[in-house]
$ cat work21.cif   # mmCIF, C-alpha atoms and all ligand atoms
data_coords
loop_
_atom_site.label_atom_id
_atom_site.label_comp_id
_atom_site.auth_asym_id
_atom_site.auth_seq_id
_atom_site.Cartn_x
_atom_site.Cartn_y
_atom_site.Cartn_z
CA MET A 1138 20.65 112.86 -56.41
CA ARG A 1139 22.60 114.02 -59.49
CA ARG A 1140 26.35 113.44 -59.06
CA ILE A 1141 28.55 116.34 -60.14
CA TYR A 1142 32.25 115.64 -60.39
CA LEU A 1143 34.28 118.85 -60.07
CA ASP A 1144 37.66 117.43 -59.06
CA HIS A 1145 39.30 117.43 -62.48
CA GLY A 1146 42.36 119.15 -61.01
CA ALA A 1147 43.07 115.88 -59.18
CA THR A 1148 42.14 113.57 -62.04
CA SER A 1149 39.59 113.83 -64.83
CA PHE A 1150 36.32 111.91 -64.85
CA PRO A 1151 34.81 110.82 -67.14
CA LYS A 1152 37.71 110.05 -69.43
CA ALA A 1153 37.57 110.86 -73.14
CA PRO A 1154 35.15 108.71 -75.16
CA GLY A 1155 36.83 105.46 -76.21
CA VAL A 1156 39.50 105.43 -73.47
CA ALA A 1157 37.97 102.69 -71.33
CA ASP A 1158 37.37 100.53 -74.43
CA ALA A 1159 40.98 101.04 -75.57
CA VAL A 1160 42.28 99.94 -72.14
CA ALA A 1161 40.04 96.85 -72.18
CA SER A 1162 40.91 96.06 -75.80
CA PHE A 1163 44.66 96.26 -75.07
CA LEU A 1164 44.27 93.89 -72.11
CA ARG A 1165 42.08 91.49 -74.13
CA ASN A 1166 43.93 91.53 -77.43
CA ASP A 1167 47.36 93.19 -77.37
CA ALA A 1168 48.81 92.71 -73.90
CA GLY A 1169 52.24 91.38 -74.80
CA ASN A 1170 55.43 92.98 -73.52
CA PRO A 1171 56.49 95.65 -76.05
CA GLY A 1172 60.01 95.32 -77.42
CA ARG A 1173 60.57 92.07 -75.47
CA GLY A 1174 60.23 89.46 -78.20
CA GLY A 1175 59.27 89.20 -81.85
CA HIS A 1176 56.00 87.32 -81.47
CA ARG A 1177 52.71 88.85 -82.52
CA LEU A 1178 51.54 89.96 -79.08
CA ALA A 1179 54.83 91.75 -78.34
CA VAL A 1180 54.55 93.43 -81.74
CA ALA A 1181 50.90 94.39 -81.15
CA ALA A 1182 51.79 95.96 -77.79
CA SER A 1183 54.69 97.89 -79.34
CA ARG A 1184 52.41 99.14 -82.10
CA ALA A 1185 49.77 100.34 -79.63
CA ILE A 1186 52.40 102.25 -77.64
CA GLU A 1187 54.09 103.79 -80.66
CA ASP A 1188 50.69 104.85 -82.08
CA ALA A 1189 49.94 106.54 -78.77
CA ARG A 1190 53.37 108.21 -78.80
CA GLU A 1191 52.66 109.68 -82.25
CA SER A 1192 49.25 110.99 -81.13
CA VAL A 1193 50.50 112.54 -77.88
CA ALA A 1194 53.51 114.09 -79.66
CA GLU A 1195 51.20 115.59 -82.29
CA LEU A 1196 48.85 116.98 -79.64
CA LEU A 1197 51.57 118.64 -77.54
CA GLY A 1198 54.07 119.55 -80.26
CA GLY A 1199 56.72 117.06 -79.17
CA HIS A 1200 59.11 115.06 -81.32
CA PRO A 1201 57.96 111.39 -81.09
CA GLU A 1202 61.44 110.12 -80.11
CA ARG A 1203 61.60 112.70 -77.32
CA THR A 1204 58.04 112.07 -76.09
CA LEU A 1205 58.45 109.70 -73.14
CA PHE A 1206 55.85 107.73 -71.22
CA GLY A 1207 55.90 107.18 -67.46
CA PRO A 1208 53.54 106.94 -64.50
CA GLY A 1209 52.76 110.65 -64.07
CA SER A 1210 54.05 114.19 -63.64
CA THR A 1211 55.62 113.34 -60.29
CA PHE A 1212 57.91 110.72 -61.81
CA TRP A 1213 59.09 113.01 -64.60
CA LEU A 1214 59.60 116.03 -62.33
CA ASN A 1215 61.73 113.84 -60.03
CA THR A 1216 63.68 112.63 -63.06
CA LEU A 1217 64.32 116.20 -64.21
CA CYS A 1218 65.37 117.54 -60.80
CA ALA A 1219 67.57 114.57 -59.87
CA GLY A 1220 68.96 114.20 -63.38
CA LEU A 1221 69.98 117.82 -63.85
CA LEU A 1222 70.96 119.23 -60.45
CA GLY A 1223 74.21 118.42 -58.66
CA PRO A 1224 76.32 119.84 -55.81
CA GLY A 1225 76.74 123.62 -56.05
CA ASP A 1226 73.89 124.10 -58.52
CA THR A 1227 71.16 126.69 -58.07
CA VAL A 1228 67.58 126.20 -59.24
CA VAL A 1229 64.94 128.92 -59.53
CA THR A 1230 61.28 128.24 -58.91
CA SER A 1231 58.00 129.99 -57.96
CA VAL A 1232 55.87 130.32 -54.82
CA LEU A 1233 53.04 128.32 -56.42
CA GLU A 1234 54.75 124.96 -56.90
CA HIS A 1235 53.22 121.56 -56.21
CA ASN A 1236 55.07 119.19 -53.88
CA SER A 1237 56.06 117.11 -56.89
CA VAL A 1238 58.51 119.94 -57.60
CA MET A 1239 59.24 121.11 -54.04
CA ARG A 1240 59.81 117.71 -52.43
CA PRO A 1241 62.44 116.55 -54.95
CA LEU A 1242 64.11 119.98 -54.68
CA ARG A 1243 64.10 119.90 -50.85
CA TYR A 1244 65.52 116.39 -50.98
CA LEU A 1245 68.32 117.53 -53.31
CA GLU A 1246 68.97 120.55 -51.10
CA ALA A 1247 69.64 118.19 -48.17
CA ALA A 1248 71.29 115.36 -50.11
CA ARG A 1249 73.37 117.24 -52.70
CA GLY A 1250 73.58 120.76 -51.31
CA ILE A 1251 71.74 122.45 -54.18
CA THR A 1252 70.41 125.99 -53.61
CA ILE A 1253 66.73 126.76 -54.19
CA VAL A 1254 65.81 130.36 -55.02
CA THR A 1255 62.12 131.26 -55.12
CA VAL A 1256 60.91 134.23 -57.17
CA ARG A 1257 59.00 136.38 -54.68
CA THR A 1258 57.07 138.34 -57.25
CA ALA A 1259 55.54 141.77 -56.84
CA ASN A 1260 52.42 140.25 -58.35
CA ALA A 1261 49.68 139.39 -55.83
CA SER A 1262 48.65 136.33 -57.87
CA GLY A 1263 52.07 134.75 -57.24
CA VAL A 1264 52.70 134.47 -60.99
CA PRO A 1265 56.06 136.10 -61.76
CA ASP A 1266 56.69 138.36 -64.74
CA PRO A 1267 59.36 137.08 -67.17
CA ALA A 1268 61.61 140.06 -66.32
CA GLU A 1269 61.42 139.21 -62.60
CA VAL A 1270 62.46 135.62 -63.32
CA ARG A 1271 65.31 136.81 -65.54
CA SER A 1272 66.76 139.09 -62.86
CA VAL A 1273 66.53 136.34 -60.19
CA VAL A 1274 68.11 133.77 -62.54
CA SER A 1275 71.02 136.01 -63.46
CA ALA A 1276 71.63 137.21 -59.88
CA ALA A 1277 71.62 133.60 -58.65
CA ARG A 1278 73.61 132.27 -61.65
CA ALA A 1279 71.00 129.53 -61.82
CA LYS A 1280 71.57 126.31 -63.73
CA LEU A 1281 67.89 125.51 -64.18
CA VAL A 1282 64.39 126.97 -63.80
CA VAL A 1283 61.70 124.52 -62.71
CA MET A 1284 58.29 126.14 -62.74
CA THR A 1285 54.64 125.27 -63.03
CA HIS A 1286 52.75 126.16 -66.21
CA ALA A 1287 49.61 126.79 -64.13
CA SER A 1288 48.90 126.79 -60.42
CA ASN A 1289 46.94 123.80 -59.21
CA VAL A 1290 45.54 126.02 -56.43
CA THR A 1291 44.42 129.21 -58.21
CA GLY A 1292 44.36 128.05 -61.86
CA ALA A 1293 46.48 131.04 -62.98
CA VAL A 1294 48.46 130.23 -66.15
CA PHE A 1295 52.12 131.29 -66.15
CA PRO A 1296 53.61 133.05 -69.22
CA ILE A 1297 55.98 130.09 -69.46
CA GLU A 1298 57.03 130.66 -73.09
CA ASP A 1299 57.98 134.28 -72.28
CA ILE A 1300 59.82 133.12 -69.16
CA ALA A 1301 61.80 130.60 -71.27
CA ASP A 1302 62.63 133.37 -73.72
CA ALA A 1303 63.64 135.79 -70.94
CA VAL A 1304 66.06 133.42 -69.18
CA ALA A 1305 67.60 131.74 -72.27
CA PRO A 1306 70.07 130.03 -72.50
CA VAL A 1307 69.28 128.79 -68.96
CA PRO A 1308 66.93 125.81 -69.50
CA VAL A 1309 63.35 125.90 -68.22
CA ALA A 1310 61.57 122.69 -67.21
CA ALA A 1311 57.81 123.22 -66.89
CA ASP A 1312 55.29 121.33 -64.80
CA GLY A 1313 52.40 120.99 -67.22
CA ALA A 1314 50.23 118.81 -64.95
CA GLN A 1315 47.41 121.37 -64.97
CA THR A 1316 47.70 122.59 -68.56
CA ALA A 1317 48.22 119.61 -70.88
CA GLY A 1318 45.01 119.11 -72.84
CA SER A 1319 43.29 122.16 -71.38
CA VAL A 1320 45.49 125.13 -72.33
CA PRO A 1321 46.70 125.58 -75.93
CA PHE A 1322 50.41 124.70 -75.99
CA ASP A 1323 53.03 123.82 -78.56
CA PHE A 1324 56.24 122.42 -77.09
CA ALA A 1325 58.17 122.80 -80.34
CA SER A 1326 57.80 126.59 -80.36
CA SER A 1327 57.66 127.09 -76.57
CA GLY A 1328 61.39 127.54 -75.99
CA LEU A 1329 61.14 125.11 -73.07
CA ALA A 1330 63.83 122.49 -72.47
CA ALA A 1331 61.38 120.07 -70.85
CA TYR A 1332 57.67 119.75 -70.17
CA ALA A 1333 56.31 117.12 -67.77
CA CYS A 1334 52.60 116.39 -67.58
CA SER A 1335 50.03 113.90 -66.35
CA GLY A 1336 48.09 111.68 -68.74
CA HIS A 1337 45.13 111.42 -66.38
CA LYS A 1338 44.13 115.06 -65.87
CA GLY A 1339 43.40 117.37 -68.84
CA LEU A 1340 44.70 114.76 -71.26
CA LEU A 1341 41.67 112.66 -70.18
CA GLY A 1342 43.60 109.38 -70.12
CA PRO A 1343 43.92 106.64 -67.48
CA THR A 1344 45.54 107.17 -64.07
CA GLY A 1345 49.12 105.91 -63.90
CA THR A 1346 50.12 107.67 -67.12
CA GLY A 1347 52.35 110.69 -67.65
CA VAL A 1348 54.43 112.29 -70.38
CA LEU A 1349 57.80 114.00 -70.62
CA LEU A 1350 58.70 116.12 -73.65
CA LEU A 1351 62.36 117.02 -74.15
CA ALA A 1352 64.22 119.37 -76.47
CA PRO A 1353 67.89 119.14 -77.40
CA PRO A 1354 70.46 119.51 -75.90
CA LEU A 1355 68.78 118.55 -72.61
CA ALA A 1356 67.36 115.44 -74.31
CA ASP A 1357 70.92 114.12 -74.76
CA GLU A 1358 72.02 114.99 -71.24
CA LEU A 1359 69.15 113.86 -69.02
CA GLN A 1360 70.02 110.76 -67.01
CA PRO A 1361 67.31 108.29 -65.91
CA LEU A 1362 65.96 108.07 -62.39
CA VAL A 1363 65.46 104.31 -62.73
CA ARG A 1364 67.50 101.84 -64.72
CA GLY A 1365 66.58 98.38 -65.96
CA GLY A 1366 65.43 96.33 -68.91
CA THR A 1367 64.36 98.04 -72.11
CA GLY A 1368 64.25 95.08 -74.49
CA SER A 1369 67.02 96.80 -76.50
CA ARG A 1370 70.83 96.41 -76.22
CA SER A 1371 70.34 93.48 -73.83
CA GLU A 1372 74.03 92.53 -74.17
CA SER A 1373 74.94 95.67 -72.18
CA GLU A 1374 74.62 96.27 -68.44
CA GLU A 1375 74.50 100.02 -69.11
CA MET A 1376 71.34 101.88 -70.12
CA PRO A 1377 70.99 102.47 -73.87
CA VAL A 1378 71.88 105.99 -74.94
CA LEU A 1379 69.03 106.37 -77.41
CA LEU A 1380 65.60 107.72 -76.50
CA PRO A 1381 62.97 106.73 -75.63
CA ASP A 1382 64.72 103.62 -74.19
CA ARG A 1383 67.22 105.58 -72.03
CA LEU A 1384 64.38 107.01 -69.94
CA GLU A 1385 61.80 104.19 -70.15
CA ALA A 1386 63.22 101.25 -68.16
CA GLY A 1387 60.87 98.39 -67.23
CA THR A 1388 57.63 97.12 -68.71
CA PRO A 1389 55.45 100.12 -69.59
CA ASN A 1390 51.81 100.61 -68.67
CA GLY A 1391 50.65 99.41 -72.09
CA ALA A 1392 46.93 99.45 -71.30
CA GLY A 1393 47.11 102.96 -69.83
CA ILE A 1394 49.21 104.26 -72.71
CA ALA A 1395 46.83 102.75 -75.28
CA GLY A 1396 43.99 104.60 -73.51
CA LEU A 1397 46.04 107.81 -73.45
CA GLY A 1398 46.59 107.56 -77.20
CA VAL A 1399 42.84 107.40 -77.81
CA ALA A 1400 42.33 110.38 -75.48
CA ALA A 1401 44.95 112.38 -77.43
CA ARG A 1402 43.16 111.64 -80.71
CA TRP A 1403 39.87 112.77 -79.17
CA LEU A 1404 41.51 116.00 -77.96
CA LEU A 1405 43.01 116.62 -81.41
CA ALA A 1406 39.53 116.31 -82.95
CA ARG A 1407 37.78 118.39 -80.27
CA GLY A 1408 40.53 121.06 -80.18
CA VAL A 1409 42.34 122.23 -77.04
CA SER A 1410 41.55 125.88 -77.87
CA SER A 1411 37.84 125.22 -77.81
CA ILE A 1412 38.19 123.30 -74.51
CA HIS A 1413 40.16 126.21 -73.04
CA GLN A 1414 37.48 128.69 -74.15
CA HIS A 1415 34.74 126.52 -72.66
CA GLU A 1416 36.52 126.09 -69.31
CA SER A 1417 37.62 129.75 -69.16
CA ARG A 1418 34.07 130.96 -69.71
CA LEU A 1419 32.65 128.64 -67.03
CA VAL A 1420 35.36 129.29 -64.46
CA ALA A 1421 35.04 133.08 -64.88
CA ALA A 1422 31.27 132.78 -64.37
CA LEU A 1423 31.88 130.64 -61.27
CA ALA A 1424 34.39 133.15 -59.85
CA GLU A 1425 31.92 135.97 -60.33
CA ARG A 1426 29.02 134.03 -58.83
CA LEU A 1427 31.02 132.84 -55.77
CA SER A 1428 32.43 136.34 -55.18
CA SER A 1429 28.89 137.70 -54.99
CA ILE A 1430 27.98 135.35 -52.09
CA PRO A 1431 28.31 137.09 -48.69
CA GLY A 1432 31.10 135.41 -46.72
CA ALA A 1433 32.59 133.57 -49.72
CA HIS A 1434 36.05 134.54 -51.03
CA VAL A 1435 37.82 133.50 -54.24
CA HIS A 1436 41.61 133.47 -53.74
CA GLY A 1437 44.33 134.48 -56.19
CA TRP A 1438 41.84 135.16 -58.96
CA ASP A 1439 43.10 137.65 -61.53
CA PRO A 1440 40.56 138.27 -64.33
CA GLY A 1441 43.27 139.84 -66.49
CA ARG A 1442 45.24 136.60 -66.68
CA PRO A 1443 44.56 133.32 -68.54
CA HIS A 1444 43.16 130.62 -66.27
CA THR A 1445 42.66 126.89 -66.32
CA GLY A 1446 39.31 125.48 -65.18
CA ILE A 1447 40.41 125.63 -61.53
CA LEU A 1448 39.77 128.17 -58.79
CA SER A 1449 40.08 128.26 -55.00
CA PHE A 1450 37.57 129.63 -52.50
CA THR A 1451 36.72 129.69 -48.82
CA VAL A 1452 33.60 130.53 -46.82
CA ASP A 1453 33.85 132.53 -43.58
CA GLY A 1454 33.38 130.37 -40.51
CA ALA A 1455 33.41 127.11 -42.49
CA ASP A 1456 36.08 124.45 -42.27
CA THR A 1457 37.05 123.56 -45.84
CA GLY A 1458 36.89 119.80 -45.19
CA GLU A 1459 33.50 120.10 -43.52
CA LEU A 1460 32.05 122.07 -46.44
CA ALA A 1461 33.50 119.62 -49.01
CA ALA A 1462 32.00 116.68 -47.10
CA TRP A 1463 28.61 118.45 -46.92
CA LEU A 1464 28.66 119.19 -50.67
CA ASP A 1465 29.35 115.54 -51.43
CA ARG A 1466 26.85 114.10 -48.95
CA GLU A 1467 23.98 116.58 -49.38
CA ARG A 1468 24.35 117.78 -52.97
CA GLY A 1469 26.36 115.06 -54.74
CA ILE A 1470 29.09 117.60 -55.62
CA MET A 1471 32.64 116.24 -55.51
CA LEU A 1472 35.60 118.59 -55.13
CA ARG A 1473 38.79 118.76 -53.12
CA ALA A 1474 39.46 120.69 -49.90
CA GLY A 1475 42.73 121.47 -48.12
CA LEU A 1476 46.22 122.39 -49.30
CA HIS A 1477 46.23 120.52 -52.64
CA CYS A 1478 49.88 119.42 -52.10
CA ALA A 1479 51.03 123.03 -52.49
CA PRO A 1480 51.68 124.46 -48.99
CA ALA A 1481 53.80 127.41 -50.17
CA ALA A 1482 51.00 128.56 -52.46
CA HIS A 1483 48.66 128.77 -49.46
CA ARG A 1484 51.26 130.63 -47.40
CA TRP A 1485 51.47 133.12 -50.28
CA LEU A 1486 47.67 133.43 -50.54
CA GLY A 1487 47.17 133.60 -46.76
CA THR A 1488 45.08 130.41 -46.69
CA PHE A 1489 47.58 128.21 -44.81
CA PRO A 1490 47.00 125.83 -42.99
CA SER A 1491 43.26 125.33 -43.52
CA GLY A 1492 43.53 125.65 -47.30
CA THR A 1493 40.71 126.18 -49.76
CA LEU A 1494 37.97 124.38 -51.66
CA ARG A 1495 39.03 123.76 -55.22
CA PRO A 1496 36.50 123.10 -57.97
CA GLY A 1497 38.07 122.00 -61.24
CA LEU A 1498 36.20 121.90 -64.55
CA SER A 1499 36.51 119.68 -67.60
CA PRO A 1500 35.34 119.75 -71.23
CA PHE A 1501 32.22 117.94 -70.01
CA SER A 1502 31.33 120.45 -67.25
CA THR A 1503 28.24 122.56 -67.80
CA GLY A 1504 26.72 125.84 -66.66
CA ALA A 1505 24.22 123.75 -64.64
CA ASP A 1506 27.13 122.13 -62.76
CA ILE A 1507 28.62 125.43 -61.66
CA GLU A 1508 25.23 126.88 -60.78
CA ALA A 1509 24.53 123.82 -58.61
CA LEU A 1510 27.83 124.40 -56.78
CA ALA A 1511 27.24 128.13 -56.35
CA ALA A 1512 23.66 127.60 -55.09
CA ALA A 1513 24.85 125.00 -52.59
CA VAL A 1514 27.66 127.26 -51.32
CA GLU A 1515 25.17 130.14 -51.04
CA GLU A 1516 22.86 128.00 -48.92
CA PHE A 1517 25.71 126.75 -46.71
CA ALA A 1518 27.10 130.29 -46.24
CA ALA A 1519 23.63 131.66 -45.32
CA ARG A 1520 23.16 128.89 -42.73
CA ARG A 1521 26.60 129.57 -41.31
CA ARG A 1522 25.82 133.27 -40.94
CA SER A 1523 22.56 132.54 -39.12
CA THR A 1524 24.16 130.20 -36.52
C1 LIG A 1601 50.73 121.17 -60.58
C2 LIG A 1601 50.86 119.69 -60.38
N1 LIG A 1601 52.05 119.10 -60.55
C3 LIG A 1601 52.21 117.77 -60.40
C4 LIG A 1601 51.17 116.95 -60.05
C5 LIG A 1601 51.40 115.48 -59.90
O1 LIG A 1601 50.83 114.78 -60.96
P1 LIG A 1601 50.75 113.17 -60.99
O2 LIG A 1601 49.69 112.80 -60.01
O3 LIG A 1601 50.38 112.84 -62.39
O4 LIG A 1601 52.07 112.64 -60.62
C6 LIG A 1601 49.90 117.50 -59.85
C7 LIG A 1601 48.75 116.65 -59.46
O5 LIG A 1601 47.91 117.02 -58.73
C8 LIG A 1601 49.74 118.91 -60.03
O6 LIG A 1601 48.55 119.49 -59.86
#

$ encode --input "work21.cif" --output "structure tokens" --more "lines below"
Ligand SMILES: Cc1ncc(COP(=O)(O)O)c(C=O)c1O
Amino acid sequence: MRRIYLDHGATSFPKAPGVADAVASFLRNDAGNPGRGGHRLAVAASRAIEDARESVAELLGGHPERTLFGPGSTFWLNTLCAGLLGPGDTVVTSVLEHNSVMRPLRYLEAARGITIVTVRTANASGVPDPAEVRSVVSAARAKLVVMTHASNVTGAVFPIEDIADAVAPVPVAADGAQTAGSVPFDFASSGLAAYACSGHKGLLGPTGTGVLLLAPPLADELQPLVRGGTGSRSESEEMPVLLPDRLEAGTPNGAGIAGLGVAARWLLARGVSSIHQHESRLVAALAERLSSIPGAHVHGWDPGRPHTGILSFTVDGADTGELAAWLDRERGIMLRAGLHCAPAAHRWLGTFPSGTLRPGLSPFSTGADIEALAAAVEEFAARRRST
């Protein structure tokens, strides 16, 4: 049976060509501790990481010194929320957030008494208009906006640059987990104060990698979530002030970062715009095909809006987990079912608590992949109707 991986919203597979070799090569040849010693292996590890930093910064439009590496979006979103919000502060967010935004905010609500205001948009997709965000931000006198760049449930892309423009000078920190590498984006011209993303999803790098891009003045203000050794200023028991060291305590994931650097170079050569066009075309075809199946429903799909390669659907009378298990077992198709760590999004869409099935496409997905999924869903739905 042909195996069809359609869970790129969770993590991409396969990775970009050359990534696995770069990880192995780092571990075989360069695996010293970067910045911790002047010997050749420490220098080789530093060079691999700084090369990767240059490549990722170039791809996303970040300044290399303000392009930070960490274990994933979750880590950087926690850093942003905990580092910027204190007692009495108000933060504005959307109904489509992932728990890597909502859980740190709920924690800070209980621990520091921050106030969370959610934009309840007039838009059925859950994606707020910039003017709606502006009026909520000014009414709430918000200190910060933390918002996803694209929903990991519906795939809808937020007009995040226009939102940043509308609420300025209030800073906007974006969750780019679902857009980095798959939606054209330039941090330098985005107007965002911060952009956190995963290295292992659309960036096609190894798991356990993530990136934070910062713009001034937030870059000077943000305090680390974890403190420790950096290899620099070892005489001091305080964290160094300079970036990237201030926000990168502890031995980094050198092998993962080396792989991420190779993935970034591959994406630069392939072009994120062409990937976005490819995924948009396929996901629109999939939405149309699934919507034509009796009993199948695509949720939160708005053809007038830019989308990532993700969509969400359900089939009448079918448990989402049961259908996902059947697709894997009987048709070799791998995708995720349930709430996708975004319960509020499902409350908004009316799919809570059973959730949805979520196919996610990649640059390597094909028309044959989506047709195989649609044909399998059609067969399952027809059987369900006849029982
Ligand atoms: C929108 C969104 N934000 C954050 C995350 C967390 O990313 P990571 O697993 O890299 O920490 C995910 C992962 O599924 C996501 O989809």

$ closest_atom_pairs --input "work21.cif" --of "chain A" --to "ligand LIG 1601 (chain A)" --cutoff "8 Å" --atoms "all atoms listed in the file" --output "JSON lines"
{"residue": "A:Gly1146", "atom": "CA", "partner": "A:LIG1601", "partner_atom": "O6", "distance": 6.3}
{"residue": "A:Ala1147", "atom": "CA", "partner": "A:LIG1601", "partner_atom": "O5", "distance": 5.0}
{"residue": "A:Thr1148", "atom": "CA", "partner": "A:LIG1601", "partner_atom": "O5", "distance": 7.5}
{"residue": "A:Pro1208", "atom": "CA", "partner": "A:LIG1601", "partner_atom": "O3", "distance": 7.0}
{"residue": "A:Gly1209", "atom": "CA", "partner": "A:LIG1601", "partner_atom": "O3", "distance": 3.6}
{"residue": "A:Ser1210", "atom": "CA", "partner": "A:LIG1601", "partner_atom": "O4", "distance": 3.9}
{"residue": "A:Thr1211", "atom": "CA", "partner": "A:LIG1601", "partner_atom": "O4", "distance": 3.6}
{"residue": "A:Phe1212", "atom": "CA", "partner": "A:LIG1601", "partner_atom": "O4", "distance": 6.3}
{"residue": "A:Leu1214", "atom": "CA", "partner": "A:LIG1601", "partner_atom": "C3", "distance": 7.8}
{"residue": "A:Glu1234", "atom": "CA", "partner": "A:LIG1601", "partner_atom": "C1", "distance": 6.6}
{"residue": "A:His1235", "atom": "CA", "partner": "A:LIG1601", "partner_atom": "C1", "distance": 5.0}
{"residue": "A:Asn1236", "atom": "CA", "partner": "A:LIG1601", "partner_atom": "C3", "distance": 7.3}
{"residue": "A:Ser1237", "atom": "CA", "partner": "A:LIG1601", "partner_atom": "C3", "distance": 5.3}
{"residue": "A:Val1238", "atom": "CA", "partner": "A:LIG1601", "partner_atom": "N1", "distance": 7.2}
{"residue": "A:Thr1285", "atom": "CA", "partner": "A:LIG1601", "partner_atom": "C1", "distance": 6.2}
{"residue": "A:His1286", "atom": "CA", "partner": "A:LIG1601", "partner_atom": "C1", "distance": 7.8}
{"residue": "A:Ala1287", "atom": "CA", "partner": "A:LIG1601", "partner_atom": "C1", "distance": 6.7}
{"residue": "A:Ser1288", "atom": "CA", "partner": "A:LIG1601", "partner_atom": "C1", "distance": 5.9}
{"residue": "A:Asn1289", "atom": "CA", "partner": "A:LIG1601", "partner_atom": "O6", "distance": 4.6}
{"residue": "A:Val1290", "atom": "CA", "partner": "A:LIG1601", "partner_atom": "O6", "distance": 8.0}
{"residue": "A:Asp1312", "atom": "CA", "partner": "A:LIG1601", "partner_atom": "N1", "distance": 5.8}
{"residue": "A:Gly1313", "atom": "CA", "partner": "A:LIG1601", "partner_atom": "C1", "distance": 6.8}
{"residue": "A:Ala1314", "atom": "CA", "partner": "A:LIG1601", "partner_atom": "C2", "distance": 4.7}
{"residue": "A:Gln1315", "atom": "CA", "partner": "A:LIG1601", "partner_atom": "C1", "distance": 5.5}
{"residue": "A:Cys1334", "atom": "CA", "partner": "A:LIG1601", "partner_atom": "O3", "distance": 6.7}
{"residue": "A:Ser1335", "atom": "CA", "partner": "A:LIG1601", "partner_atom": "O3", "distance": 4.1}
{"residue": "A:Gly1336", "atom": "CA", "partner": "A:LIG1601", "partner_atom": "O3", "distance": 6.8}
{"residue": "A:His1337", "atom": "CA", "partner": "A:LIG1601", "partner_atom": "O3", "distance": 6.7}
{"residue": "A:Lys1338", "atom": "CA", "partner": "A:LIG1601", "partner_atom": "O3", "distance": 7.5}
{"residue": "A:Thr1344", "atom": "CA", "partner": "A:LIG1601", "partner_atom": "O3", "distance": 7.6}
{"residue": "A:Gly1345", "atom": "CA", "partner": "A:LIG1601", "partner_atom": "O3", "distance": 7.2}
{"residue": "A:Thr1346", "atom": "CA", "partner": "A:LIG1601", "partner_atom": "O3", "distance": 7.0}
{"residue": "A:Gly1347", "atom": "CA", "partner": "A:LIG1601", "partner_atom": "O3", "distance": 6.0}
{"residue": "A:His1477", "atom": "CA", "partner": "A:LIG1601", "partner_atom": "O5", "distance": 7.2}
{"residue": "A:Cys1478", "atom": "CA", "partner": "A:LIG1601", "partner_atom": "O5", "distance": 7.3}

$ closest_atom_pairs --input "work21.cif" --of "segment 1278-1372 of chain A" --to "segment 1437-1450 of chain A" --cutoff "6 Å" --atoms "all atoms listed in the file" --output "tab-separated table"
residue	atom	partner	partner_atom	distance
A:Thr1291	CA	A:Leu1448	CA	4.8
A:Gly1292	CA	A:Ile1447	CA	4.6
A:Ala1293	CA	A:His1444	CA	4.7
A:Val1294	CA	A:His1444	CA	5.3

$ write_last_selection --input "work21.cif" --atoms "C-alpha atoms" --output "PDB file, in the frame of the given file"
ATOM      1  CA  THR A1291      44.420 129.210 -58.210  1.00  0.00           C
ATOM      2  CA  GLY A1292      44.360 128.050 -61.860  1.00  0.00           C
ATOM      3  CA  ALA A1293      46.480 131.040 -62.980  1.00  0.00           C
ATOM      4  CA  VAL A1294      48.460 130.230 -66.150  1.00  0.00           C
TER       5      VAL A1294
END

$ residues_near_point --input "work21.cif" --point "(56.3, 138.3, -67.3)" --cutoff "9 Å" --atoms "only C-alpha atoms" --output "list of chain:residue names"
A:Val1264, A:Pro1265, A:Asp1266, A:Pro1267, A:Ala1268, A:Glu1269, A:Val1270, A:Phe1295, A:Pro1296, A:Ile1297, A:Asp1299, A:Ile1300, A:Ala1303

$ atom_distance --input "work21.cif" --atom1 "atom CA of Arg1466 of chain A" --atom2 "atom CA of His1434 of chain A"
22.5 Å

$ residues_near_point --input "work21.cif" --point "(39.5, 113.2, -50.7)" --cutoff "10 Å" --atoms "only C-alpha atoms" --output "PyMOL selection string"
chain A and resi 1144+1147+1458+1461-1462+1471-1475

$ write_last_selection --input "work21.cif" --atoms "C-alpha atoms" --output "mmCIF file, in the frame of the given file"
data_model
loop_
_atom_site.group_PDB
_atom_site.id
_atom_site.type_symbol
_atom_site.label_atom_id
_atom_site.label_comp_id
_atom_site.auth_asym_id
_atom_site.auth_seq_id
_atom_site.Cartn_x
_atom_site.Cartn_y
_atom_site.Cartn_z
ATOM 1 C CA ASP A 1144 37.660 117.430 -59.060
ATOM 2 C CA ALA A 1147 43.070 115.880 -59.180
ATOM 3 C CA GLY A 1458 36.890 119.800 -45.190
ATOM 4 C CA ALA A 1461 33.500 119.620 -49.010
ATOM 5 C CA ALA A 1462 32.000 116.680 -47.100
ATOM 6 C CA MET A 1471 32.640 116.240 -55.510
ATOM 7 C CA LEU A 1472 35.600 118.590 -55.130
ATOM 8 C CA ARG A 1473 38.790 118.760 -53.120
ATOM 9 C CA ALA A 1474 39.460 120.690 -49.900
ATOM 10 C CA GLY A 1475 42.730 121.470 -48.120
#

$ closest_residue --input "work21.cif" --among "A:Ala1261, A:Leu1355, A:Val1307, A:Leu1350" --to "Trp1213 of chain A" --atoms "only C-alpha atoms"
A:Leu1350

$ atom_distance --input "work21.cif" --atom1 "atom CA of Leu1351 of chain A" --atom2 "atom CA of Ala1331 of chain A"
4.6 Å

$ atom_distance --input "work21.cif" --atom1 "atom CA of Tyr1244 of chain A" --atom2 "atom CA of Leu1222 of chain A"
11.3 Å

$ closest_atom_pairs --input "work21.cif" --of "segment 1383-1487 of chain A" --to "segment 1162-1174 of chain A" --cutoff "7 Å" --atoms "all atoms listed in the file" --output "JSON lines"
{"residue": "A:Thr1388", "atom": "CA", "partner": "A:Asn1170", "partner_atom": "CA", "distance": 6.7}
{"residue": "A:Ala1392", "atom": "CA", "partner": "A:Phe1163", "partner_atom": "CA", "distance": 5.4}
{"residue": "A:Ala1395", "atom": "CA", "partner": "A:Phe1163", "partner_atom": "CA", "distance": 6.8}
